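File shown: query36.cif. Contents: mmCIF, C-alpha atoms and all ligand atoms.
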```cif
data_work
loop_
_atom_site.label_atom_id
_atom_site.label_comp_id
_atom_site.auth_asym_id
_atom_site.auth_seq_id
_atom_site.Cartn_x
_atom_site.Cartn_y
_atom_site.Cartn_z
CA MET A 1 -17.18 30.34 -1.89
CA GLU A 2 -17.00 31.15 1.85
CA LYS A 3 -13.84 30.45 3.76
CA PHE A 4 -13.97 28.01 6.68
CA GLU A 5 -14.80 29.73 9.92
CA LYS A 6 -12.11 27.83 11.85
CA PRO A 7 -8.79 26.69 10.42
CA ILE A 8 -8.76 23.23 8.89
CA TYR A 9 -5.31 21.79 9.54
CA VAL A 10 -3.74 18.87 7.74
CA THR A 11 -4.60 16.82 10.80
CA LYS A 12 -5.92 17.02 14.33
CA PRO A 13 -5.18 14.48 17.04
CA PHE A 14 -8.07 12.23 18.01
CA MET A 15 -9.05 12.78 21.62
CA PRO A 16 -10.64 9.61 23.01
CA PRO A 17 -13.68 9.97 25.30
CA LEU A 18 -12.49 11.83 28.39
CA GLU A 19 -14.16 9.31 30.73
CA GLU A 20 -12.01 6.53 29.29
CA PHE A 21 -8.83 8.49 29.90
CA CYS A 22 -9.97 9.64 33.38
CA GLU A 23 -10.67 6.08 34.43
CA GLY A 24 -7.05 5.27 33.65
CA LEU A 25 -5.83 8.46 35.32
CA LYS A 26 -7.41 7.34 38.56
CA GLU A 27 -5.29 4.21 38.37
CA VAL A 28 -2.12 6.24 37.73
CA TRP A 29 -2.93 8.48 40.71
CA ASP A 30 -3.55 5.48 42.94
CA ASN A 31 -0.32 3.85 41.81
CA GLN A 32 1.77 6.99 42.33
CA TRP A 33 3.94 5.62 39.57
CA LEU A 34 4.60 7.92 36.63
CA THR A 35 7.44 6.50 34.56
CA ASN A 36 10.28 3.90 34.53
CA ASN A 37 8.44 0.79 33.37
CA GLY A 38 5.28 1.36 35.41
CA PRO A 39 2.24 -0.92 35.58
CA VAL A 40 0.23 0.91 32.89
CA LEU A 41 3.18 0.74 30.50
CA ARG A 42 3.67 -2.95 31.19
CA ARG A 43 0.01 -3.67 30.47
CA TYR A 44 0.09 -1.50 27.32
CA HIS A 45 3.22 -3.34 26.20
CA SER A 46 1.33 -6.65 26.38
CA GLU A 47 -1.60 -5.17 24.45
CA LEU A 48 0.74 -4.04 21.69
CA LYS A 49 2.51 -7.38 21.51
CA LYS A 50 -0.86 -8.93 20.81
CA TYR A 51 -1.85 -6.24 18.32
CA CYS A 52 1.47 -6.54 16.46
CA ALA A 53 1.49 -10.35 16.74
CA SER A 54 5.09 -10.14 17.96
CA ASP A 55 6.99 -10.87 21.15
CA ASN A 56 9.67 -8.39 20.19
CA VAL A 57 8.14 -5.02 20.89
CA CYS A 58 9.92 -2.16 22.65
CA LEU A 59 8.36 1.20 23.59
CA PHE A 60 10.00 4.64 23.61
CA SER A 61 9.25 8.27 24.40
CA ASN A 62 9.06 9.08 20.67
CA GLY A 63 9.74 7.59 17.25
CA THR A 64 12.94 9.52 16.58
CA LEU A 65 14.71 8.18 19.66
CA ALA A 66 13.34 4.72 18.91
CA LEU A 67 14.99 4.78 15.48
CA GLN A 68 18.23 6.26 16.80
CA ILE A 69 18.45 3.55 19.43
CA ALA A 70 17.54 0.85 16.91
CA LEU A 71 20.49 1.81 14.71
CA GLN A 72 22.83 2.02 17.67
CA GLY A 73 21.67 -1.25 19.20
CA MET A 74 21.96 -3.10 15.88
CA GLY A 75 25.48 -1.76 15.42
CA ILE A 76 24.74 -0.11 12.09
CA SER A 77 27.68 1.99 10.87
CA GLY A 78 29.37 3.33 7.73
CA GLU A 79 26.82 4.03 5.01
CA VAL A 80 23.08 3.40 4.89
CA ILE A 81 20.96 3.63 1.75
CA THR A 82 17.84 5.66 2.42
CA THR A 83 15.18 7.88 0.88
CA PRO A 84 15.28 11.67 0.68
CA PHE A 85 11.46 11.76 0.53
CA THR A 86 10.58 11.49 4.21
CA PHE A 87 10.43 13.46 7.45
CA VAL A 88 13.78 14.79 8.63
CA ALA A 89 13.86 12.45 11.62
CA THR A 90 14.65 9.47 9.37
CA THR A 91 18.00 10.90 8.32
CA HIS A 92 18.65 12.64 11.64
CA SER A 93 18.64 9.21 13.29
CA LEU A 94 21.53 8.21 11.01
CA TYR A 95 23.39 11.44 11.69
CA TRP A 96 23.16 10.95 15.46
CA ASN A 97 24.84 7.58 14.97
CA LYS A 98 27.58 9.06 12.76
CA ILE A 99 26.28 7.05 9.80
CA ARG A 100 26.52 8.50 6.27
CA PRO A 101 23.13 8.65 4.50
CA VAL A 102 23.23 7.60 0.86
CA PHE A 103 20.15 9.05 -0.80
CA CYS A 104 18.42 6.82 -3.32
CA ASP A 105 15.55 7.74 -5.64
CA ILE A 106 11.94 6.68 -5.04
CA GLU A 107 9.44 4.94 -7.32
CA PRO A 108 6.69 7.02 -8.91
CA ASP A 109 3.51 5.23 -7.74
CA TYR A 110 3.83 5.08 -3.96
CA TYR A 111 6.93 7.25 -3.45
CA THR A 112 8.82 4.53 -1.57
CA LEU A 113 12.49 3.61 -2.09
CA ASP A 114 13.02 2.30 -5.64
CA PRO A 115 14.63 -1.15 -5.31
CA ALA A 116 15.87 -0.96 -8.91
CA LYS A 117 18.12 1.91 -7.87
CA VAL A 118 19.38 0.58 -4.55
CA GLU A 119 21.93 -1.94 -5.71
CA GLU A 120 24.08 0.48 -7.68
CA LEU A 121 24.57 2.52 -4.49
CA ILE A 122 25.97 -0.34 -2.42
CA THR A 123 29.65 0.07 -1.50
CA PRO A 124 31.96 -1.88 0.83
CA TRP A 125 30.85 0.53 3.61
CA THR A 126 27.13 -0.12 3.23
CA THR A 127 25.66 -1.88 6.27
CA ALA A 128 21.91 -1.36 5.93
CA ILE A 129 18.94 -0.16 3.94
CA LEU A 130 16.65 2.26 5.78
CA ALA A 131 13.41 2.45 3.80
CA VAL A 132 10.23 4.33 4.71
CA HIS A 133 6.63 3.14 4.30
CA VAL A 134 5.85 6.74 3.44
CA PHE A 135 2.20 7.78 3.97
CA GLY A 136 1.65 4.23 5.25
CA ARG A 137 2.17 2.62 1.82
CA PRO A 138 4.32 -0.49 2.12
CA CYS A 139 7.67 -0.43 0.34
CA ASN A 140 8.44 -3.11 -2.23
CA LEU A 141 9.04 -5.65 0.56
CA GLU A 142 10.13 -8.60 -1.53
CA ALA A 143 12.59 -6.76 -3.73
CA LEU A 144 14.22 -4.98 -0.77
CA ALA A 145 14.44 -8.23 1.23
CA ASP A 146 16.09 -9.90 -1.74
CA ILE A 147 18.73 -7.15 -2.09
CA ALA A 148 19.39 -7.08 1.65
CA LYS A 149 19.83 -10.84 1.74
CA ARG A 150 22.14 -11.02 -1.27
CA HIS A 151 24.37 -8.25 0.05
CA ASN A 152 24.16 -9.20 3.71
CA LEU A 153 22.65 -5.86 4.73
CA ALA A 154 20.27 -5.11 7.58
CA LEU A 155 16.81 -4.09 6.37
CA ILE A 156 15.23 -1.44 8.56
CA TYR A 157 11.85 0.15 7.99
CA ASP A 158 10.77 3.55 9.18
CA ALA A 159 7.11 2.63 9.60
CA ALA A 160 6.26 5.89 11.39
CA HIS A 161 3.12 6.25 9.23
CA ALA A 162 2.15 2.62 8.95
CA PHE A 163 0.52 1.56 12.23
CA GLY A 164 -2.31 -0.87 11.47
CA VAL A 165 -1.17 -1.65 7.91
CA THR A 166 -1.13 -5.34 6.98
CA VAL A 167 0.30 -7.29 4.06
CA ASP A 168 -1.08 -10.78 3.42
CA ASP A 169 -2.79 -10.38 6.81
CA ASN A 170 0.58 -9.91 8.53
CA PRO A 171 1.18 -6.69 10.48
CA ILE A 172 3.66 -4.61 8.48
CA GLY A 173 6.15 -4.67 11.38
CA GLN A 174 6.84 -8.32 10.63
CA TYR A 175 8.75 -7.45 7.46
CA GLY A 176 12.44 -6.62 7.44
CA ASP A 177 14.75 -6.93 10.44
CA LEU A 178 13.18 -4.08 12.37
CA SER A 179 10.44 -1.46 12.05
CA MET A 180 9.92 1.81 13.88
CA PHE A 181 6.43 3.23 14.46
CA SER A 182 5.70 6.78 15.61
CA PHE A 183 2.85 7.43 18.01
CA HIS A 184 3.09 11.21 17.73
CA ALA A 185 -0.10 13.24 18.29
CA THR A 186 -0.41 13.93 14.55
CA LYS A 187 -0.47 10.26 13.63
CA LEU A 188 -3.57 8.19 12.89
CA TYR A 189 -2.86 6.35 16.13
CA HIS A 190 -1.03 8.14 18.93
CA SER A 191 0.11 8.06 22.54
CA ILE A 192 0.54 11.89 22.72
CA GLU A 193 4.20 11.29 21.81
CA GLY A 194 5.64 7.83 21.55
CA GLY A 195 7.55 5.32 19.49
CA MET A 196 7.71 1.56 19.07
CA LEU A 197 10.19 -0.90 17.62
CA THR A 198 9.23 -4.36 16.44
CA PHE A 199 12.04 -6.65 15.36
CA LYS A 200 13.05 -10.20 14.46
CA ASP A 201 16.07 -10.81 16.71
CA SER A 202 14.82 -11.26 20.26
CA GLY A 203 18.39 -10.76 21.49
CA LEU A 204 18.01 -7.04 20.74
CA CYS A 205 15.29 -6.59 23.37
CA GLN A 206 17.72 -6.37 26.25
CA THR A 207 20.02 -3.98 24.38
CA PHE A 208 17.16 -1.62 23.53
CA ASN A 209 15.93 -1.70 27.13
CA TYR A 210 19.42 -0.79 28.34
CA LEU A 211 19.86 1.94 25.76
CA LYS A 212 16.59 3.68 26.59
CA ASN A 213 17.28 3.62 30.35
CA PHE A 214 20.82 5.01 30.74
CA GLY A 215 22.32 1.53 30.30
CA PHE A 216 21.26 0.42 33.79
CA LYS A 217 21.34 -3.31 34.39
CA ASN A 218 20.60 -2.91 38.08
CA GLU A 219 21.15 -0.27 40.75
CA THR A 220 24.92 -0.52 40.62
CA GLU A 221 25.76 -1.69 37.11
CA VAL A 222 25.68 0.43 33.94
CA VAL A 223 26.52 -1.79 30.99
CA MET A 224 26.46 0.78 28.19
CA PRO A 225 26.19 4.55 27.81
CA GLY A 226 22.45 4.67 27.23
CA THR A 227 20.18 7.67 27.04
CA ASN A 228 16.74 8.43 28.45
CA ALA A 229 14.05 7.46 25.94
CA LYS A 230 11.45 5.82 28.15
CA MET A 231 7.73 6.07 27.55
CA ASN A 232 5.90 7.36 30.63
CA GLU A 233 2.62 6.25 32.20
CA MET A 234 0.52 9.08 30.70
CA GLN A 235 1.69 8.20 27.22
CA ALA A 236 1.07 4.51 27.85
CA LEU A 237 -2.42 5.28 29.15
CA MET A 238 -3.28 7.35 26.10
CA GLY A 239 -1.87 4.64 23.81
CA SER A 240 -3.86 1.96 25.57
CA VAL A 241 -7.14 3.89 25.41
CA MET A 242 -6.47 4.78 21.77
CA LEU A 243 -6.04 1.10 20.86
CA ARG A 244 -9.77 0.62 21.48
CA HIS A 245 -10.49 3.17 18.75
CA VAL A 246 -7.92 2.34 16.11
CA ASP A 247 -10.35 0.46 13.84
CA ASP A 248 -12.80 3.38 13.85
CA LEU A 249 -9.99 5.81 13.17
CA THR A 250 -8.83 3.82 10.18
CA ALA A 251 -12.39 3.42 8.88
CA LYS A 252 -12.89 7.18 9.08
CA ARG A 253 -9.68 7.97 7.22
CA THR A 254 -10.55 5.40 4.60
CA ARG A 255 -13.91 7.13 4.06
CA VAL A 256 -12.27 10.56 3.88
CA TYR A 257 -9.77 9.24 1.32
CA GLU A 258 -12.61 7.77 -0.74
CA ILE A 259 -14.43 11.10 -0.86
CA TYR A 260 -11.31 12.93 -2.00
CA ARG A 261 -10.70 10.25 -4.63
CA GLU A 262 -14.28 10.36 -5.87
CA ARG A 263 -14.47 14.13 -6.01
CA LEU A 264 -10.97 15.03 -7.14
CA GLY A 265 -9.82 11.92 -9.03
CA GLY A 266 -11.21 13.26 -12.31
CA VAL A 267 -9.95 16.83 -11.94
CA PRO A 268 -7.33 17.50 -14.62
CA GLY A 269 -3.92 18.01 -13.03
CA ILE A 270 -4.68 16.14 -9.78
CA SER A 271 -3.45 12.58 -9.42
CA PHE A 272 -3.66 9.96 -6.71
CA SER A 273 -1.51 6.88 -6.21
CA PRO A 274 -2.91 3.67 -7.68
CA ASP A 275 -5.14 1.60 -5.39
CA PRO A 276 -3.27 -0.85 -3.16
CA GLU A 277 -2.84 -4.47 -4.21
CA PRO A 278 -5.67 -6.62 -2.81
CA ASN A 279 -3.32 -8.29 -0.27
CA ILE A 280 -2.58 -4.93 1.39
CA GLU A 281 -4.73 -3.25 4.05
CA TYR A 282 -3.90 0.44 4.09
CA ASN A 283 -4.54 2.78 6.99
CA TYR A 284 -5.12 5.82 4.74
CA ALA A 285 -3.23 7.88 7.29
CA TYR A 286 -2.47 10.62 4.76
CA VAL A 287 -4.04 11.96 1.56
CA PRO A 288 -1.17 12.92 -0.74
CA VAL A 289 -2.03 14.17 -4.23
CA LEU A 290 0.24 15.34 -7.04
CA ILE A 291 -0.48 18.61 -8.79
CA ASP A 292 0.45 19.05 -12.43
CA GLU A 293 0.82 22.79 -12.88
CA LYS A 294 0.01 22.86 -16.60
CA GLU A 295 -3.10 20.71 -16.42
CA PHE A 296 -4.38 22.11 -13.12
CA GLY A 297 -3.68 25.69 -14.14
CA MET A 298 -1.83 26.50 -10.94
CA SER A 299 1.34 25.23 -9.32
CA ARG A 300 1.31 23.11 -6.16
CA ASP A 301 2.74 26.06 -4.23
CA ALA A 302 0.14 28.47 -5.57
CA LEU A 303 -2.64 26.04 -4.62
CA TYR A 304 -1.14 25.56 -1.16
CA GLU A 305 -1.14 29.36 -0.64
CA LYS A 306 -4.59 29.84 -2.16
CA LEU A 307 -6.11 27.21 0.15
CA LYS A 308 -4.90 29.20 3.13
CA GLU A 309 -7.19 32.03 2.03
CA TYR A 310 -10.04 29.59 2.65
CA ASN A 311 -8.58 28.67 6.05
CA ILE A 312 -7.42 25.27 4.72
CA PHE A 313 -3.90 24.38 5.82
CA ALA A 314 -2.74 21.52 3.63
CA ARG A 315 0.95 20.54 3.94
CA ARG A 316 3.75 19.88 1.49
CA TYR A 317 4.88 16.57 3.00
CA PHE A 318 7.70 16.04 2.03
CA TYR A 319 9.23 19.19 0.67
CA PRO A 320 12.04 20.07 0.44
CA LEU A 321 13.83 16.76 -0.05
CA LEU A 322 16.14 15.97 2.84
CA ASN A 323 19.29 16.39 0.76
CA GLU A 324 18.20 19.98 0.09
CA PHE A 325 18.12 20.97 3.78
CA ALA A 326 21.13 23.08 4.80
CA CYS A 327 22.34 20.43 7.25
CA TYR A 328 22.47 17.73 4.55
CA GLN A 329 23.62 19.75 1.56
CA SER A 330 27.16 18.51 2.04
CA VAL A 331 26.04 14.89 1.67
CA PRO A 332 27.09 13.89 -1.86
CA VAL A 333 24.28 12.58 -4.06
CA SER A 334 25.83 10.24 -6.60
CA LYS A 335 22.78 9.25 -8.67
CA PRO A 336 19.99 11.53 -9.82
CA LEU A 337 16.95 11.81 -7.59
CA THR A 338 14.68 12.57 -10.53
CA VAL A 339 11.45 11.04 -9.26
CA ALA A 340 11.90 12.28 -5.69
CA GLU A 341 12.52 15.83 -6.94
CA GLU A 342 9.41 15.74 -9.10
CA VAL A 343 7.16 14.28 -6.40
CA SER A 344 8.49 16.65 -3.75
CA ARG A 345 7.80 19.62 -6.06
CA ARG A 346 4.25 18.47 -6.85
CA VAL A 347 2.94 16.77 -3.69
CA LEU A 348 0.25 18.25 -1.47
CA THR A 349 -1.12 16.44 1.56
CA LEU A 350 -4.80 17.18 2.18
CA PRO A 351 -6.53 17.35 5.58
CA THR A 352 -7.74 14.11 7.13
CA TYR A 353 -8.69 13.30 10.71
CA MET A 354 -11.44 11.71 12.78
CA ASP A 355 -13.38 14.90 13.50
CA LEU A 356 -13.30 16.17 9.94
CA GLY A 357 -16.93 16.01 8.80
CA GLU A 358 -17.79 14.55 5.41
CA ASP A 359 -19.43 17.91 4.59
CA ASP A 360 -16.12 19.60 5.29
CA VAL A 361 -14.23 17.16 3.06
CA ASN A 362 -16.73 17.90 0.30
CA ARG A 363 -16.29 21.63 0.89
CA ILE A 364 -12.51 21.31 0.62
CA CYS A 365 -13.05 19.48 -2.68
CA ASP A 366 -15.42 22.24 -3.86
CA VAL A 367 -12.76 24.87 -3.12
CA ILE A 368 -10.09 22.92 -5.00
CA LYS A 369 -12.42 22.39 -7.95
CA ILE A 370 -13.32 26.07 -8.11
CA LEU A 371 -9.64 26.99 -8.00
CA SER A 372 -8.94 24.61 -10.89
CA GLU A 373 -11.48 26.29 -13.15
N1 LIG A 401 9.88 9.16 10.51
C1 LIG A 401 8.86 9.66 9.81
C2 LIG A 401 8.66 9.18 8.40
C3 LIG A 401 8.00 10.61 10.37
O1 LIG A 401 6.99 11.13 9.63
C4 LIG A 401 8.22 11.03 11.70
C5 LIG A 401 7.37 12.04 12.29
C6 LIG A 401 9.29 10.45 12.41
C7 LIG A 401 10.11 9.51 11.77
C8 LIG A 401 9.61 10.81 13.82
O2 LIG A 401 8.64 10.36 14.74
P1 LIG A 401 8.36 11.19 16.11
O3 LIG A 401 9.70 11.41 16.77
O4 LIG A 401 7.69 12.48 15.76
O5 LIG A 401 7.49 10.25 16.90
C9 LIG A 401 4.60 16.32 12.23
C10 LIG A 401 4.94 15.49 13.45
O6 LIG A 401 5.43 16.30 14.52
C11 LIG A 401 5.92 14.38 13.19
O7 LIG A 401 5.77 13.47 14.26
C12 LIG A 401 5.59 13.67 11.89
N2 LIG A 401 6.56 12.68 11.56
C13 LIG A 401 5.49 14.67 10.75
C14 LIG A 401 5.14 14.01 9.45
O8 LIG A 401 4.46 15.58 11.05
P2 LIG A 401 5.04 18.82 11.70
O9 LIG A 401 6.24 19.69 11.83
O10 LIG A 401 4.31 18.81 10.42
O11 LIG A 401 4.01 19.07 12.91
P3 LIG A 401 3.06 20.29 13.20
O12 LIG A 401 3.26 20.69 14.60
O13 LIG A 401 3.19 21.32 12.15
O14 LIG A 401 1.60 19.60 13.12
C15 LIG A 401 0.88 19.42 11.91
C16 LIG A 401 -0.54 19.94 12.10
O15 LIG A 401 -1.22 19.18 13.08
C17 LIG A 401 -0.59 21.37 12.58
O16 LIG A 401 -0.78 22.20 11.47
C18 LIG A 401 -1.78 21.43 13.50
C19 LIG A 401 -2.08 20.00 13.87
N3 LIG A 401 -1.86 19.71 15.29
C20 LIG A 401 -0.59 19.36 15.71
C21 LIG A 401 -0.37 19.04 17.04
C22 LIG A 401 1.01 18.65 17.52
C23 LIG A 401 -2.90 19.74 16.18
O17 LIG A 401 -4.04 20.07 15.76
N4 LIG A 401 -2.71 19.41 17.48
C24 LIG A 401 -1.47 19.04 17.95
O18 LIG A 401 -1.34 18.70 19.15
O19 LIG A 401 5.54 17.34 12.04
#
```

Show me this structure written as structure tokens.
Amino acid sequence: MEKFEKPIYVTKPFMPPLEEFCEGLKEVWDNQWLTNNGPVLRRYHSELKKYCASDNVCLFSNGTLALQIALQGMGISGEVITTPFTFVATTHSLYWNKIRPVFCDIEPDYYTLDPAKVEELITPWTTAILAVHVFGRPCNLEALADIAKRHNLALIYDAAHAFGVTVDDNPIGQYGDLSMFSFHATKLYHSIEGGMLTFKDSGLCQTFNYLKNFGFKNETEVVMPGTNAKMNEMQALMGSVMLRHVDDLTAKRTRVYEIYRERLGGVPGISFSPDPEPNIEYNYAYVPVLIDEKEFGMSRDALYEKLKEYNIFARRYFYPLLNEFACYQSVPVSKPLTVAEEVSRRVLTLPTYMDLGEDDVNRICDVIKILSE
């Protein structure tokens, strides 16, 4: 089996038609306005409000700062129950707010926070649950909302992967008190870099706007020690142009996922998550599979390395678990993280992106099948 001529990465950003972007660039040039709540950003903001069916939408330079500011603006402190199976930025946002992460295990089907294990971790210092719709799969929304309500905790979702996902026809950002979306270049939908918060309490809007703009109320008044986390006009332009393509992007990733499922679903030692419930619209942003070393005949790590020989660069999202990183090793883990450890050891995220041809997806499957024999 020939190796791919060019590297196949886990993802590639979608570049919208250059004419569409250039048309917008002309406007930016004419405006001579590049950042600080410019006209393109204001228009994009309105487009997103409509898309998210929410009045409470706030834009940021990236998802990490959006989440950091969300926690600060909501006054979250003490301890927060969260997942170790996510990108480091989730926990870093707690750290930057001097909040102690309390790592809780995940459930085995969709790898999201396991509500059955949350309650036993609540202490008098717990102020919030920070759950992640990892790979765009919605958390157990009802169970987490019930726990948060009974214990008077804020419920915050890291929805970095979940743009475009709906539950009962509601955009996913409408669940919980607040959700953060990442518009990083590697995401299904992007604004080069970017982040968005959607939230229930409209009173937070003003606070977030202060926090992302140095705390300025006007030219002479600074009402809080904010930072600089503003989205600029180029990002807003890219985001706005990309919105026109989001349905096609999702359709393509759905098709890619289907091919992987069809071709690899029956291979011994490779497993996929169960299909979503009928009330959920996925975005199929990622293609995570679990490798069972015994059945597949090769460990996840061996497969990951072997694929590189074919110029296929899959990723081990999310390995290691966050509590295993040097900077979080001192965080005590009071309950076993059995499922998270197992999933993190076995997960492999396969390439998916708009420009990945169906022939290439089939070829990746052929390589994996050959390696399994
Ligand atoms: N919460 C969660 C759950 C997240 O997953 C993330 C980000 C955040 C919070 C924070 O949001 P942001 O602050 O980023 O908005 C990537 C992304 O950089 C990161 O945004 C993302 N999660 C994470 C899951 O993936 P890396 O370290 O894997 O990126 P990198 O540079 O290795 O890119 C992956 C592949 O994409 C490369 O092998 C090649 C390809 N690529 C990448 C870029 C940037 C391109 O082809 N072109 C490009 O421009 O983290």

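Taking CA of Ile76 (chain A) and CA of Asn152 (chain A) as the two end points, the separation is 12.4 Å.
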
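Closest approach to ligand LIG 401 (chain A) among A:Pro332, A:Gly73, A:Pro171, A:Gly195 is made by A:Gly195 (distances from only C-alpha atoms and all ligand atoms).
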
Got a sec to check which residues lie within 7 Å of ligand LIG 401 (chain A), using all atoms listed in the file, and send them as a count of residues only?
-> 29

Hey, which bits of region 88-202 of chain A sit within 8 Å of region 53-56 of chain A, and for each residue what's the closest pair of atoms and how far apart in Å (one decimal), counting only C-alpha atoms, rows by chain and increasing number, as JSON lines?
```
{"residue": "A:Pro171", "atom": "CA", "partner": "A:Ala53", "partner_atom": "CA", "distance": 7.3}
{"residue": "A:Gln174", "atom": "CA", "partner": "A:Ser54", "partner_atom": "CA", "distance": 7.8}
{"residue": "A:Leu197", "atom": "CA", "partner": "A:Asn56", "partner_atom": "CA", "distance": 7.9}
{"residue": "A:Thr198", "atom": "CA", "partner": "A:Asn56", "partner_atom": "CA", "distance": 5.5}
{"residue": "A:Phe199", "atom": "CA", "partner": "A:Asn56", "partner_atom": "CA", "distance": 5.7}
{"residue": "A:Lys200", "atom": "CA", "partner": "A:Asn56", "partner_atom": "CA", "distance": 6.9}
{"residue": "A:Asp201", "atom": "CA", "partner": "A:Asn56", "partner_atom": "CA", "distance": 7.7}
{"residue": "A:Ser202", "atom": "CA", "partner": "A:Asn56", "partner_atom": "CA", "distance": 5.9}
```

Proximity to Asn36 (chain A) - best of A:Glu233, A:Ser372, A:Val167, A:Leu153, only C-alpha atoms |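 Using only C-alpha atoms, the shortest distance to Asn36 (chain A) belongs to A:Glu233.
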
Go through A:Thr35, A:Ser77, A:Thr250, A:Gln72 and flag the residue nearest Met354 (chain A), using all atoms listed in the file for the distances.
->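 Checking each of A:Thr35, A:Ser77, A:Thr250, A:Gln72 against Met354 (chain A), counting all atoms listed in the file, the winner is A:Thr250.
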
Proximity to Ala143 (chain A) - best of A:Pro115, A:Gly239, A:Gly164, A:Pro124, only C-alpha atoms | A:Pro115

At most 12 Å from (23.9, -4.7, 29.9), file frame, only C-alpha atoms: which residues, as a PyMOL selection string?
-> chain A and resi 73+203-218+220-226

May I ask which of the residues A:Leu337, A:Ile147, A:Met238, A:Leu303 is the closest one to Gly176 (chain A), counting only C-alpha atoms?
-> A:Ile147

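The nearest approach to Lys6 (chain A) among the residues A:Gln32, A:Asn311, A:Asn232, A:Ser299, with only C-alpha atoms taken into account, belongs to A:Asn311.
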
Neighbour residues at most 12 Å from (19.8, 11.0, 16.5) (all atoms listed in the file) as number ranges by chain | A: 62-72, 88-99, 227, 229

CA of Ala162 (chain A) to CA of Leu59 (chain A), straight-line distance in Å |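 A separation of 16.0 Å between them.
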